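Pasting upload-v9.txt here (compact mmCIF, C-alpha atoms):
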```
# COMPACT_ATOMS: atom_id res chain seq x y z
CA MET A 283 0.00 0.00 0.00
CA ASN A 284 1.50 3.29 -1.08
CA PRO A 285 1.26 6.19 1.37
CA HIS A 286 -0.33 9.44 0.35
CA ILE A 287 2.21 11.56 -1.55
CA THR A 288 1.91 15.30 -1.43
CA SER A 289 3.06 17.74 -4.07
CA PRO A 290 6.82 18.13 -4.55
CA ARG A 291 8.44 20.97 -2.66
CA GLN A 292 9.08 24.23 -4.43
CA TYR A 293 12.72 25.08 -4.81
CA GLY A 294 12.41 28.83 -4.66
CA GLY A 295 11.64 29.37 -0.98
CA PRO A 296 13.52 28.42 2.15
CA MET A 297 13.48 24.73 2.96
CA THR A 298 12.87 23.21 6.35
CA PHE A 299 14.60 20.10 7.59
CA GLY A 300 12.70 18.26 10.30
CA GLY A 301 10.48 21.27 10.98
CA MET A 302 13.42 23.65 11.58
CA THR A 303 14.11 26.75 9.57
CA PRO A 304 17.68 27.72 8.62
CA SER A 305 17.59 30.59 11.14
CA SER A 306 16.59 28.31 14.00
CA ARG A 307 19.31 25.83 13.10
CA SER A 308 21.91 28.55 13.41
CA GLU A 309 20.93 29.25 17.01
CA GLY A 310 22.50 26.01 18.20
CA ILE A 311 21.63 22.40 18.83
CA ARG A 312 18.17 21.84 20.25
CA MET A 313 16.34 18.70 21.25
CA PRO A 314 15.07 17.08 18.03
CA ARG A 315 11.31 16.93 17.56
CA PHE A 316 11.69 13.15 17.32
CA PHE A 317 12.37 12.96 21.07
CA LYS A 318 9.60 15.44 21.89
CA ARG A 319 7.08 13.13 20.17
CA LEU A 320 8.22 9.90 21.82
CA PHE A 321 4.99 9.54 23.82
CA LYS A 322 2.51 11.20 21.46
CA PHE A 323 1.14 7.95 20.09
CA PRO A 324 -1.97 9.41 18.36
CA GLN A 325 0.35 11.46 16.13
CA MET A 326 2.42 8.46 15.02
CA ASP A 327 1.92 6.99 11.55
CA PHE A 328 2.35 3.24 12.05
CA GLU A 329 0.78 2.55 8.66
CA MET A 330 3.59 4.49 7.01
CA ALA A 331 6.16 2.60 9.12
CA VAL A 332 4.79 -0.76 7.94
CA TRP A 333 4.91 0.40 4.32
CA GLU A 334 8.52 1.53 4.76
CA MET A 335 9.52 -1.82 6.24
CA SER A 336 8.09 -3.78 3.33
CA SER A 337 9.64 -1.39 0.82
CA LEU A 338 13.08 -1.57 2.45
CA ILE A 339 13.28 -5.24 1.43
CA ILE A 340 11.60 -5.04 -1.97
CA ALA A 341 12.50 -1.56 -3.28
CA PRO A 342 14.41 0.54 -0.72
CA LYS A 343 14.74 3.51 -3.07
CA LYS A 344 10.98 4.10 -2.72
CA VAL A 345 11.41 4.90 0.98
CA PHE A 346 13.71 7.84 0.36
CA ARG A 347 11.70 9.01 -2.65
CA SER A 348 8.70 9.21 -0.33
CA ILE A 349 10.72 11.20 2.22
CA TYR A 350 11.69 13.67 -0.51
CA TYR A 351 8.12 14.29 -1.65
CA HIS A 352 6.85 14.78 1.89
CA ASN A 353 8.58 18.13 2.03
CA THR A 354 11.20 17.27 4.61
CA TRP A 355 14.26 15.08 4.98
CA HIS A 356 13.85 14.12 8.61
CA ARG A 357 10.35 12.99 9.59
CA PRO A 358 10.16 13.29 13.41
CA ASP A 359 7.91 10.27 13.83
CA PRO A 360 9.12 7.52 16.24
CA SER A 361 6.61 4.97 14.92
CA PHE A 362 9.29 3.09 12.93
CA THR A 363 11.54 2.91 16.00
CA TYR A 364 8.73 1.66 18.24
CA LEU A 365 7.58 -0.93 15.71
CA LEU A 366 11.04 -2.35 15.08
CA SER A 367 11.75 -2.37 18.83
CA PHE A 368 8.58 -4.40 19.33
CA PHE A 369 9.63 -6.87 16.63
CA LEU A 370 13.05 -7.17 18.28
CA LEU A 371 11.30 -7.83 21.59
CA LEU A 372 9.45 -10.78 20.07
CA THR A 373 12.53 -12.25 18.38
CA SER A 374 14.64 -11.79 21.51
CA LEU A 375 12.09 -13.81 23.47
CA ALA A 376 12.36 -16.56 20.86
CA TRP A 377 16.17 -16.57 21.02
CA GLY A 378 16.07 -16.50 24.82
CA LEU A 379 13.57 -19.32 25.20
CA ALA A 380 15.54 -21.45 22.75
CA TYR A 381 19.07 -20.85 24.09
CA ALA A 382 19.14 -18.86 27.35
CA ASP A 383 19.83 -20.47 30.71
CA GLY A 384 16.72 -19.38 32.57
CA PHE A 385 14.06 -16.66 32.40
CA SER A 386 16.29 -13.93 33.83
CA LYS A 387 18.81 -14.53 31.05
CA THR A 388 15.97 -14.28 28.53
CA ILE A 389 15.05 -10.85 29.90
CA HIS A 390 18.71 -9.88 29.72
CA ILE A 391 18.85 -10.90 26.05
CA THR A 392 15.69 -8.91 25.38
CA LEU A 393 17.13 -5.75 26.88
CA VAL A 394 20.43 -6.13 25.02
CA PHE A 395 18.73 -6.79 21.68
CA VAL A 396 16.53 -3.70 21.90
CA PHE A 397 18.65 -1.17 23.75
CA VAL A 398 22.17 -2.17 22.67
CA HIS A 399 22.04 -4.00 19.35
CA PHE A 400 19.38 -1.69 17.91
CA LEU A 401 19.11 1.65 19.69
CA ALA A 402 22.64 2.17 21.04
CA LEU A 403 24.39 1.00 17.88
CA SER A 404 22.04 3.05 15.69
CA LEU A 405 22.72 6.13 17.80
CA ALA A 406 26.47 5.52 17.65
CA ILE A 407 26.48 5.04 13.87
CA SER A 408 24.21 8.01 13.23
CA THR A 409 26.39 10.19 15.48
CA ALA A 410 29.51 9.16 13.57
CA ALA A 411 27.72 9.80 10.27
CA TYR A 412 26.51 13.21 11.46
CA PHE A 413 30.05 14.36 12.18
CA LEU A 414 31.85 12.56 9.34
CA VAL A 415 29.58 12.37 6.30
CA GLY A 416 28.81 16.09 6.18
CA ARG A 417 32.47 16.97 6.57
CA LEU A 418 33.89 14.38 4.18
CA LEU A 419 31.18 14.39 1.51
CA GLY A 420 29.62 17.84 1.95
CA PRO A 421 29.99 20.87 -0.33
CA GLY A 422 33.25 22.76 -0.31
CA VAL A 423 35.34 19.89 1.09
CA PRO A 424 39.02 20.32 0.17
CA GLY A 425 40.13 17.78 -2.41
CA LEU A 426 36.62 17.15 -3.71
CA PRO A 427 35.02 18.87 -6.69
CA GLY A 428 32.66 21.64 -5.64
CA ARG A 429 30.11 20.87 -8.35
CA ARG A 430 26.53 20.80 -7.10
CA ARG A 431 24.96 17.38 -7.61
CA GLN A 432 21.38 16.82 -8.68
CA GLY A 433 20.77 14.10 -6.13
CA LEU A 434 18.62 11.01 -6.34
CA PHE A 435 15.16 12.55 -6.80
CA GLY A 436 15.49 16.21 -7.68
CA PRO A 437 17.62 19.29 -8.23
CA PRO A 438 19.75 20.82 -5.48
CA GLY A 439 18.10 22.88 -2.80
CA ASP A 440 18.98 26.28 -1.41
CA ALA A 441 22.49 26.79 -0.08
CA ALA A 442 21.12 27.82 3.32
CA ALA A 443 19.40 24.45 3.67
CA GLU A 444 22.47 22.37 2.82
CA GLN A 445 23.01 21.05 6.31
CA LEU A 446 23.01 17.44 7.43
CA GLU A 447 20.72 16.83 10.41
CA PHE A 448 21.32 14.31 13.16
CA GLY A 449 17.66 13.29 12.97
CA TYR A 450 18.07 12.31 9.32
CA CYS A 451 21.22 10.30 10.13
CA PHE A 452 19.24 8.42 12.79
CA ASP A 453 16.41 7.82 10.29
CA VAL A 454 18.88 6.23 7.88
CA SER A 455 20.49 4.09 10.59
CA ILE A 456 17.30 2.58 11.97
CA ARG A 457 15.94 1.88 8.49
CA ALA A 458 19.19 0.23 7.44
CA PHE A 459 18.92 -2.00 10.53
CA PHE A 460 15.58 -3.47 9.44
CA PRO A 461 17.01 -5.94 6.86
CA VAL A 462 19.63 -6.95 9.45
CA TRP A 463 16.77 -7.84 11.80
CA VAL A 464 14.97 -9.78 9.05
CA PHE A 465 17.95 -11.88 7.97
CA LEU A 466 19.98 -12.27 11.18
CA TYR A 467 17.36 -12.15 13.93
CA VAL A 468 14.44 -13.90 12.22
CA ILE A 469 15.55 -16.01 9.25
CA GLN A 470 18.80 -17.07 10.91
CA PHE A 471 16.91 -18.13 14.05
CA LEU A 472 14.56 -20.29 12.02
CA LEU A 473 17.42 -21.88 10.08
CA MET A 474 19.88 -22.38 12.96
CA PRO A 475 19.26 -26.16 13.19
CA VAL A 476 20.40 -26.40 9.56
CA ILE A 477 23.02 -23.70 8.99
CA ALA A 478 24.96 -24.49 12.20
CA LYS A 479 25.77 -28.00 11.01
CA ASP A 480 29.28 -29.10 10.02
CA TYR A 481 28.51 -29.19 6.32
CA TRP A 482 29.88 -26.86 3.66
CA VAL A 483 26.38 -26.28 2.28
CA SER A 484 25.24 -25.15 5.75
CA LEU A 485 28.27 -22.88 5.99
CA PHE A 486 27.55 -21.40 2.55
CA PHE A 487 23.91 -20.54 3.24
CA GLY A 488 24.55 -19.38 6.80
CA ASN A 489 27.40 -17.07 5.81
CA SER A 490 25.38 -15.77 2.86
CA LEU A 491 22.77 -14.49 5.31
CA TYR A 492 25.41 -12.18 6.79
CA LEU A 493 26.51 -11.00 3.36
CA ILE A 494 22.91 -10.22 2.37
CA ALA A 495 22.06 -8.52 5.70
CA TYR A 496 25.06 -6.21 5.82
CA GLY A 497 24.92 -5.70 2.07
CA TYR A 498 21.39 -4.37 2.53
CA TYR A 499 22.63 -2.19 5.40
CA THR A 500 25.34 -0.67 3.19
CA VAL A 501 23.08 -0.07 0.20
CA ILE A 502 20.28 1.49 2.26
CA THR A 503 22.80 3.75 3.98
CA PHE A 504 24.07 4.82 0.56
CA LEU A 505 20.55 5.47 -0.74
CA GLY A 506 19.71 7.53 2.33
CA TYR A 507 22.63 9.91 1.97
CA ASN A 508 22.58 9.88 -1.82
CA ALA A 509 19.08 11.36 -1.62
CA LEU A 510 20.60 14.56 -0.21
CA PRO A 511 21.57 16.76 -3.18
CA PHE A 512 24.21 18.71 -1.27
CA LEU A 513 26.41 15.64 -0.58
CA HIS A 514 29.09 14.70 -3.09
CA HIS A 515 30.63 11.31 -3.95
CA THR A 516 28.16 9.35 -1.85
CA GLU A 517 29.13 6.28 -3.87
CA LEU A 518 32.08 6.03 -1.47
CA LEU A 519 29.57 4.79 1.10
CA LEU A 520 29.31 1.60 -0.98
CA SER A 521 32.99 0.77 -0.43
CA PRO A 522 32.25 -1.56 2.56
CA LEU A 523 30.70 -3.95 0.04
CA VAL A 524 34.21 -4.84 -1.16
CA PHE A 525 35.22 -5.84 2.37
CA LEU A 526 31.94 -7.73 2.92
CA ILE A 527 32.36 -9.79 -0.23
CA ALA A 528 36.02 -10.52 0.56
CA ALA A 529 35.14 -11.55 4.14
CA TRP A 530 32.28 -13.75 2.92
CA PHE A 531 34.48 -15.48 0.33
CA THR A 532 37.25 -16.06 2.87
CA SER A 533 34.79 -17.46 5.41
CA LEU A 534 33.74 -20.16 2.96
CA PHE A 535 37.02 -21.94 3.68
CA GLY A 536 35.85 -23.01 7.12
CA PHE A 537 34.48 -20.17 9.30
CA ASN A 538 30.81 -20.75 10.12
CA MET A 539 29.44 -17.27 10.91
CA PRO A 540 26.14 -18.38 12.51
CA ARG A 541 28.02 -20.53 15.04
CA TYR A 542 30.28 -17.67 16.14
CA LEU A 543 28.40 -14.46 15.28
CA ALA A 544 24.75 -15.24 16.07
CA PRO A 545 23.09 -12.27 17.87
CA VAL A 546 22.42 -14.27 21.03
CA LEU A 547 26.18 -14.81 21.44
CA TRP A 548 26.64 -11.03 21.68
CA ALA A 549 24.03 -10.53 24.39
CA GLY A 550 26.32 -11.28 27.35
CA ALA A 551 24.05 -14.00 28.75
CA SER A 552 24.93 -17.57 29.62
CA LEU A 553 23.37 -20.17 27.33
CA ARG A 554 22.14 -23.62 28.24
CA LYS A 555 23.20 -25.03 24.87
CA ALA A 556 25.44 -24.10 21.99
CA VAL A 557 23.96 -22.43 18.93
```

For this file, write the structure as structure tokens.
Amino acid sequence: MNPHITSPRQYGGPMTFGGMTPSSRSEGIRMPRFFKRLFKFPQMDFEMAVWEMSSLIIAPKKVFRSIYYHNTWHRPDPSFTYLLSFFLLLTSLAWGLAYADGFSKTIHITLVFVFVHFLALSLAISTAAYFLVGRLLGPGVPGLPGRRRQGLFGPPGDAAAEQLEFGYCFDVSIRAFFPVWVFLYVIQFLLMPVIAKDYWVSLFFGNSLYLIAYGYYTVITFLGYNALPFLHHTELLLSPLVFLIAAWFTSLFGFNMPRYLAPVLWAGASLRKAV
């Protein structure tokens, strides 16, 4: 189901990013509207979040095209974060009941999955992107051509609006995490009895899940920042794919990723049986 798409923004007037005008951005860092709306559930668009999740697997470019036509880069709506946190809660209970040594360890796995694997890592990555991407790929960076790029869905915006927002970086990070959840927290859990076996075919399919998951993460991250017309050479964000493919190919000679890198092994809880 496609969400309602409003008219494209006009390029003549001042643009707003996440509901903030250029003048208000210059006054300093304020609390993002995302955090102010954390408990305003009637204002959250869960239908849009479900559509984004399905599109991130089938056609991820549609997600960022929709963001462009909704007149803002950062959409301060925590519905996607809440929904994915709820899905992680369910999968963490499944991992815990299957492998954890007791109910308390299951609760521990649940907290780590939601607050560390998802939220903390997404915040850390989006913070690094906020400080690095704008400086390394933004306009006027020494050593990079200063040519204005058209971007993924439209012409460049006003110079005053060419500023990367932390809220947008967080949007990209949590959306890039969704395929990781699908392939490594859901599909891998269902296939663990098969892909953890000492067979090369099991090793091949299990390790391929990691290549697909983190390949999705890299591509979605690229699409998110490539949608911003004021960033240059965003194709450099695809460079981790070279490392991922090399690591996947090397692992086929005997390193079973599901047996050593399964999410439950990184939850810091004792297990009653090996994965």

Given all atoms listed in the file as the counted atoms, nearest of A:Phe395, A:Phe460, A:Pro540, A:Leu519 to Leu473 of chain A: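 Distance minimum relative to Leu473 of chain A lands on A:Pro540.
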
Between A:Val464, A:Tyr507, A:Met326, A:Ser367, which residue has the minimum interatomic distance to Tyr450 of chain A, considering only C-alpha atoms?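 Nearest candidate to Tyr450 of chain A out of A:Val464, A:Tyr507, A:Met326, A:Ser367: A:Tyr507.
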
Residue neighbourhood Ser490 of chain A, 9 Å, all atoms listed in the file, exclusion window fewer than 5 positions, as JSON, numbers by chain: {"A": [485, 495, 530]}

If you count only C-alpha atoms, the residue of A:Leu371, A:Val546, A:Ile391, A:Cys451 closest to Leu414 of chain A turns out to be A:Cys451

Could you tell me how far atom CA of Val501 of chain A sits from atom CA of Phe448 of chain A, in Å to one decimal place?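 Answer for the atom CA of Phe448 of chain A to atom CA of Val501 of chain A separation: 19.4 Å.
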
Given only C-alpha atoms as the counted atoms, nearest of A:Met474, A:Ile407, A:Ile502, A:Val398 to Lys344 of chain A: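 Closest candidate: A:Ile502.
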
I'd like the contact shell of Phe346 of chain A - 8 Å cut-off, only C-alpha atoms, skipping same-chain residues fewer than 6 positions apart - returned as number ranges by chain. A: 505-506, 509

Restricting the calculation to all atoms listed in the file: of A:Leu370, A:Ala382, A:Leu419, A:Ile477, which residue gets closest to Leu401 of chain A? A:Leu370

Quick one: of A:Leu366, A:Ile389, A:Leu510, A:Val524, who's nearest to Arg347 of chain A, counting all atoms listed in the file? A:Leu510

When you draw a straight line from atom CA of Phe328 of chain A to atom CA of Phe471 of chain A, how long is it in Å? 25.9 Å

Suppose you want the space between atom CA of Pro360 of chain A and atom CA of Gly550 of chain A; what is it in Å? 27.8 Å

Please list as a PDB file with C-alpha atoms, in the frame of the given file every residue within 10 Å of Thr392 of chain A, counting all atoms listed in the file and excluding residues in the same chain fewer than 2 positions away.
```pdb
ATOM      1  CA  LEU A 370      13.050  -7.170  18.280  1.00  0.00           C
ATOM      2  CA  LEU A 371      11.300  -7.830  21.590  1.00  0.00           C
ATOM      3  CA  LEU A 372       9.450 -10.780  20.070  1.00  0.00           C
ATOM      4  CA  THR A 373      12.530 -12.250  18.380  1.00  0.00           C
ATOM      5  CA  SER A 374      14.640 -11.790  21.510  1.00  0.00           C
ATOM      6  CA  LEU A 375      12.090 -13.810  23.470  1.00  0.00           C
ATOM      7  CA  ALA A 376      12.360 -16.560  20.860  1.00  0.00           C
ATOM      8  CA  TRP A 377      16.170 -16.570  21.020  1.00  0.00           C
ATOM      9  CA  GLY A 378      16.070 -16.500  24.820  1.00  0.00           C
ATOM     10  CA  SER A 386      16.290 -13.930  33.830  1.00  0.00           C
ATOM     11  CA  LYS A 387      18.810 -14.530  31.050  1.00  0.00           C
ATOM     12  CA  THR A 388      15.970 -14.280  28.530  1.00  0.00           C
ATOM     13  CA  ILE A 389      15.050 -10.850  29.900  1.00  0.00           C
ATOM     14  CA  HIS A 390      18.710  -9.880  29.720  1.00  0.00           C
ATOM     15  CA  VAL A 394      20.430  -6.130  25.020  1.00  0.00           C
ATOM     16  CA  PHE A 395      18.730  -6.790  21.680  1.00  0.00           C
ATOM     17  CA  VAL A 396      16.530  -3.700  21.900  1.00  0.00           C
ATOM     18  CA  PHE A 397      18.650  -1.170  23.750  1.00  0.00           C
ATOM     19  CA  VAL A 398      22.170  -2.170  22.670  1.00  0.00           C
ATOM     20  CA  VAL A 546      22.420 -14.270  21.030  1.00  0.00           C
ATOM     21  CA  ALA A 549      24.030 -10.530  24.390  1.00  0.00           C
TER      22      ALA A 549
END
```

Residues near Phe531 of chain A, anyone? I mean within 10 Å using all atoms listed in the file, not counting same-chain ones fewer than 5 positions away, as a PyMOL selection string. chain A and resi 486+489-490+493+525-526
